[in-house]
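Structure, as structure tokens:
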Amino acid sequence: MSKALRLSEQWFRRGLWLVAVVFAGFLIGLGSTIVGDLPKVEKPLQVEDFLDKAAADRLRAGIQQSERSAREAQDALEQARLKRRVAESDTQTGRETFQNWLATRRATQLSEQDPDLVARTQALDRLKQAERAAQAAEQRQDQVLLDLRQGQARARQQLQDMEQEAYRKLNQEARRVELRVFLYRLALTLPLLVIGGWLLRKHRHGTWWPFVWGFAMFALFTFFVELVPYLPSYGGYVRYIVGIVVTVVAGRQAIVALNRYLERQKAAEQLPDVQRREELSYDTALARLAKGVCPGCERPVDLRNDKIDFCPHCGIGLYDRCPQCATRKSAFAKFCHACGTGAGAFTRLIPAAT
């Protein structure tokens, strides 16, 4: 802030900057709310929206039915296994009994035992047949369970393939929605940025400058905080390309502005001394002097040296003599600090060698 400002004016300016910040804060809050609600204009996406609902429902129902049938088949298989184990046990017991009986027959060699041998052999055959029947029942039940599980696996695979395709379509649509929402945000924030830049360029020093600066801060915050983070990436290509474009555009503008500034400075340094000092505003001149730089060319000057009355870089007068009391004073001062005489047409510059 310029040291040439009155104390009250300085405090008023601080208060107005506070107004600008508060105004920007409320605008930012409103803008954040609006930008945050923009995605609500799009319908929320779900994977079910991209599935063949009838086919998916049939597959899910088939899987559920297969699961129930598999549980029932598993129970039946357990029963068949139990029956097969009982049949095997009966066969083993019958075989042991038959072997013991054969050992007794060889010891006695009784011929009347031949009918009994036939009966015992037939009984053992029946036990073996029952065992084979139990094994066959178990194998059939095992085959039923295997068929159910394979059918269930096929149905699950079909459903998984459908869901993967639906997720692929969901991701594609989500990217399109993301792009549309970004364009909504861009359509809202870009005009604000343009308006803010125009206001800064045209009215930043006007009567209503706190609101101009507040709106500009709001526009910058909305653009760089509410828009840039939502810039679609597409693997980083978009963001890097946009970054390159923005950097090139901003860099070009900065280079052009610098060259224009240097051209204006060179042109100004060719003007007469009095005209150059008249074209400099009072506050600007005193602010630059307070920083230890020449008000004309903004190069450093040793202002504490009382023998320097002209800028050694551009030649503009820095100090002159009061026409009333001949006191050395700033050439940009409106009044003499020694006698209070106003600076006017009778001001005369002193030579640099004085």
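Residue numbering restarts at 1 for every chain of the structure tokens, chains are lettered A, B, ... in their displayed order, and ligands are numbered from 1 as they appear.
Excluding Ile34 (chain A) itself and any same-chain residue fewer than 4 positions from it, the protein and nucleic acid residues within 12 Å of it, counting only C-alpha atoms, are Leu27, Ile28, Gly29, Leu30, Leu38, Pro39, Lys40, Val41, Tyr184, Arg185, Leu188, Thr189, Thr222 and Glu226 of chain A.
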Store the residues of this selection in a file with C-alpha atoms, as a compact mmCIF listing (two decimals), in the first residue's frame.
```txt
# COMPACT_ATOMS: atom_id res chain seq x y z
CA LEU A 27 -19.68 -15.90 -3.87
CA ILE A 28 -17.34 -18.89 -3.51
CA GLY A 29 -19.79 -20.57 -1.14
CA LEU A 30 -22.66 -20.04 -3.54
CA LEU A 38 -24.30 -29.97 -11.17
CA PRO A 39 -23.72 -33.79 -11.23
CA LYS A 40 -27.30 -34.20 -10.00
CA VAL A 41 -28.59 -33.21 -13.42
CA TYR A 184 -21.47 -27.98 -17.46
CA ARG A 185 -18.86 -26.72 -15.00
CA LEU A 188 -20.50 -21.97 -15.74
CA THR A 189 -16.95 -21.07 -14.71
CA THR A 222 -14.13 -21.33 -9.06
CA GLU A 226 -13.99 -26.12 -8.71
```
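Within 10 Å of region 168-177 of chain A, once only C-alpha atoms are used and residues closer than 2 positions along the same chain are dropped, the contacting residues are Pro39, Glu42, Lys43, Pro44, Leu45, Gln46, Val47, Glu48, Asp49, Phe50, Leu51, Met162, Glu163, Gln164, Glu165, Ala166, Leu179, Arg180, Val181, Phe182, Leu183, Pro232, Ser233 and Tyr234 of chain A.
Separating CA of Trp209 (chain A) from CA of Ser281 (chain A) is a distance of 18.3 Å.
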Which of A:Thr97, A:Ser330, A:Thr121, A:Gln79 sits closest to Gln139 (chain A) [using only C-alpha atoms]:
A:Gln79
Compile the contact shell of region 286-295 of chain A as a PyMOL selection string: residues with an atom at most 9 Å away, counting only C-alpha atoms, same-chain residues fewer than 3 positions apart removed.
chain A and resi 1-4+277+280-283+298-304+311+313-314+316+318+332-333
For C-alpha atoms, I'd like the residues from the last selection saved as a compact mmCIF listing (two decimals), in the first residue's frame.
```txt
# COMPACT_ATOMS: atom_id res chain seq x y z
CA MET A 1 0.00 0.00 0.00
CA SER A 2 1.35 3.42 -0.90
CA LYS A 3 2.97 5.40 1.92
CA ALA A 4 1.50 8.55 0.39
CA ARG A 277 6.93 13.48 -14.40
CA LEU A 280 3.32 9.70 -13.50
CA SER A 281 0.61 9.62 -10.85
CA TYR A 282 1.49 11.07 -7.48
CA ASP A 283 0.81 7.88 -5.55
CA GLU A 298 11.89 1.44 -11.96
CA ARG A 299 15.61 0.71 -11.74
CA PRO A 300 17.35 0.89 -8.33
CA VAL A 301 18.65 4.32 -7.32
CA ASP A 302 20.56 5.32 -4.18
CA LEU A 303 18.09 7.93 -2.93
CA ARG A 304 20.04 8.42 0.29
CA CYS A 311 18.10 9.05 -12.33
CA HIS A 313 19.53 5.25 -15.87
CA CYS A 314 16.79 7.27 -17.60
CA ILE A 316 14.30 11.77 -15.03
CA LEU A 318 14.20 13.04 -8.81
CA PHE A 332 7.30 14.67 -7.30
CA ALA A 333 6.18 16.38 -4.08
```
Mind pulling up the distance from CA of Arg84 (chain A) to CA of Ala134 (chain A)?
4.6 Å
Taking the backbone alone, and naming residues the way the document does, which bits of region 145-327 of chain A are alpha helix (DSSP H) by DSSP, as a compact mmCIF listing (two decimals) with C-alpha atoms, in the first residue's frame?
```
# COMPACT_ATOMS: atom_id res chain seq x y z
CA LEU A 145 -24.59 -83.62 -8.17
CA LEU A 146 -21.77 -83.18 -10.69
CA ASP A 147 -24.25 -82.23 -13.44
CA LEU A 148 -25.92 -79.70 -11.16
CA ARG A 149 -22.61 -78.13 -10.18
CA GLN A 150 -21.40 -77.95 -13.77
CA GLY A 151 -24.69 -76.38 -14.85
CA GLN A 152 -24.44 -73.94 -11.98
CA ALA A 153 -20.84 -73.07 -12.95
CA ARG A 154 -21.91 -72.46 -16.57
CA ALA A 155 -24.75 -70.22 -15.45
CA ARG A 156 -22.43 -68.28 -13.13
CA GLN A 157 -19.91 -67.84 -15.93
CA GLN A 158 -22.62 -66.56 -18.27
CA LEU A 159 -23.84 -64.15 -15.62
CA GLN A 160 -20.28 -63.03 -14.93
CA ASP A 161 -19.68 -62.41 -18.63
CA MET A 162 -22.87 -60.37 -18.83
CA GLU A 163 -21.87 -58.35 -15.76
CA GLN A 164 -18.38 -57.70 -17.13
CA GLU A 165 -19.88 -56.40 -20.36
CA ALA A 166 -22.32 -54.30 -18.33
CA TYR A 167 -19.45 -52.88 -16.25
CA ARG A 168 -17.57 -52.02 -19.44
CA LYS A 169 -20.61 -50.14 -20.75
CA LEU A 170 -21.08 -48.54 -17.32
CA ASN A 171 -17.49 -47.24 -17.33
CA GLN A 172 -17.90 -45.87 -20.85
CA GLU A 173 -21.11 -44.08 -19.93
CA ALA A 174 -19.55 -42.84 -16.66
CA ARG A 175 -16.74 -41.24 -18.66
CA ARG A 176 -19.28 -39.60 -20.96
CA VAL A 177 -21.24 -38.35 -17.93
CA GLU A 178 -18.01 -37.07 -16.38
CA LEU A 179 -17.25 -35.18 -19.58
CA ARG A 180 -20.76 -33.72 -19.72
CA VAL A 181 -20.59 -32.62 -16.08
CA PHE A 182 -17.18 -31.06 -16.76
CA LEU A 183 -18.66 -29.18 -19.72
CA TYR A 184 -21.47 -27.98 -17.46
CA ARG A 185 -18.86 -26.72 -15.00
CA LEU A 186 -16.84 -25.18 -17.83
CA ALA A 187 -19.92 -23.43 -19.21
CA LEU A 188 -20.50 -21.97 -15.74
CA THR A 189 -16.95 -21.07 -14.71
CA LEU A 190 -15.36 -19.91 -17.97
CA PRO A 191 -17.75 -16.94 -18.45
CA LEU A 192 -17.12 -16.01 -14.80
CA LEU A 193 -13.37 -16.03 -15.44
CA VAL A 194 -13.79 -13.91 -18.58
CA ILE A 195 -16.06 -11.43 -16.78
CA GLY A 196 -13.66 -11.28 -13.83
CA GLY A 197 -10.72 -10.57 -16.13
CA TRP A 198 -12.66 -7.89 -17.96
CA LEU A 199 -13.71 -6.25 -14.68
CA LEU A 200 -10.13 -6.27 -13.44
CA ARG A 201 -8.87 -4.74 -16.64
CA LYS A 202 -11.50 -2.02 -16.86
CA HIS A 203 -12.68 -1.27 -13.31
CA TRP A 209 -13.14 -1.85 -6.88
CA PRO A 210 -13.76 -4.05 -3.74
CA PHE A 211 -16.59 -5.83 -5.52
CA VAL A 212 -14.50 -6.08 -8.71
CA TRP A 213 -11.62 -7.72 -6.83
CA GLY A 214 -14.01 -9.90 -4.84
CA PHE A 215 -15.65 -11.16 -8.02
CA ALA A 216 -12.22 -11.73 -9.59
CA MET A 217 -11.08 -13.82 -6.59
CA PHE A 218 -14.32 -15.78 -6.79
CA ALA A 219 -13.87 -16.41 -10.53
CA LEU A 220 -10.26 -17.57 -10.06
CA PHE A 221 -11.19 -19.87 -7.16
CA THR A 222 -14.13 -21.33 -9.06
CA PHE A 223 -12.03 -21.98 -12.16
CA PHE A 224 -8.91 -23.43 -10.55
CA VAL A 225 -10.50 -25.20 -7.56
CA GLU A 226 -13.99 -26.12 -8.71
CA TYR A 237 -3.29 -37.07 -22.02
CA VAL A 238 -6.03 -34.45 -21.63
CA ARG A 239 -4.59 -32.88 -18.49
CA TYR A 240 -1.06 -32.72 -19.84
CA ILE A 241 -2.24 -31.32 -23.18
CA VAL A 242 -4.45 -28.74 -21.45
CA GLY A 243 -1.55 -27.86 -19.16
CA ILE A 244 0.74 -27.36 -22.16
CA VAL A 245 -1.84 -25.22 -23.97
CA VAL A 246 -2.54 -23.07 -20.89
CA THR A 247 1.19 -22.67 -20.22
CA VAL A 248 1.89 -21.67 -23.83
CA VAL A 249 -1.01 -19.19 -23.89
CA ALA A 250 -0.13 -17.69 -20.51
CA GLY A 251 3.58 -17.61 -21.36
CA ARG A 252 2.92 -15.95 -24.69
CA GLN A 253 0.74 -13.30 -23.05
CA ALA A 254 3.42 -12.70 -20.43
CA ILE A 255 6.13 -12.34 -23.10
CA VAL A 256 3.95 -10.00 -25.18
CA ALA A 257 3.08 -7.94 -22.10
CA LEU A 258 6.76 -7.72 -21.14
CA ASN A 259 7.78 -6.57 -24.62
CA ARG A 260 5.00 -3.98 -24.67
CA TYR A 261 6.06 -2.74 -21.26
CA LEU A 262 9.67 -2.42 -22.39
CA GLU A 263 8.58 -0.58 -25.54
CA ARG A 264 6.45 1.81 -23.48
CA GLN A 265 9.35 2.42 -21.12
CA LYS A 266 11.73 3.12 -23.98
CA ALA A 267 9.23 5.48 -25.56
CA ALA A 268 8.62 7.23 -22.24
CA GLU A 269 12.33 7.69 -21.63
CA ASP A 273 11.63 15.30 -18.26
CA VAL A 274 8.71 17.51 -17.23
CA GLN A 275 6.23 15.62 -19.36
CA ARG A 276 7.40 12.28 -17.97
CA ARG A 277 6.93 13.48 -14.40
CA GLU A 278 3.50 14.89 -15.18
CA GLU A 279 2.36 11.58 -16.67
CA TYR A 282 1.49 11.07 -7.48
CA ASP A 283 0.81 7.88 -5.55
CA THR A 284 2.71 5.71 -8.04
CA ALA A 285 5.76 7.97 -7.93
CA LEU A 286 5.89 8.09 -4.13
CA ALA A 287 5.32 4.32 -3.88
CA ARG A 288 8.28 3.62 -6.19
CA LEU A 289 10.48 6.15 -4.38
CA ALA A 290 9.61 4.42 -1.11
```
Among A:Leu231, A:Arg321, A:Ala136, A:Ala123, Ala338 (chain A) is approached most closely, using only C-alpha atoms, by A:Arg321
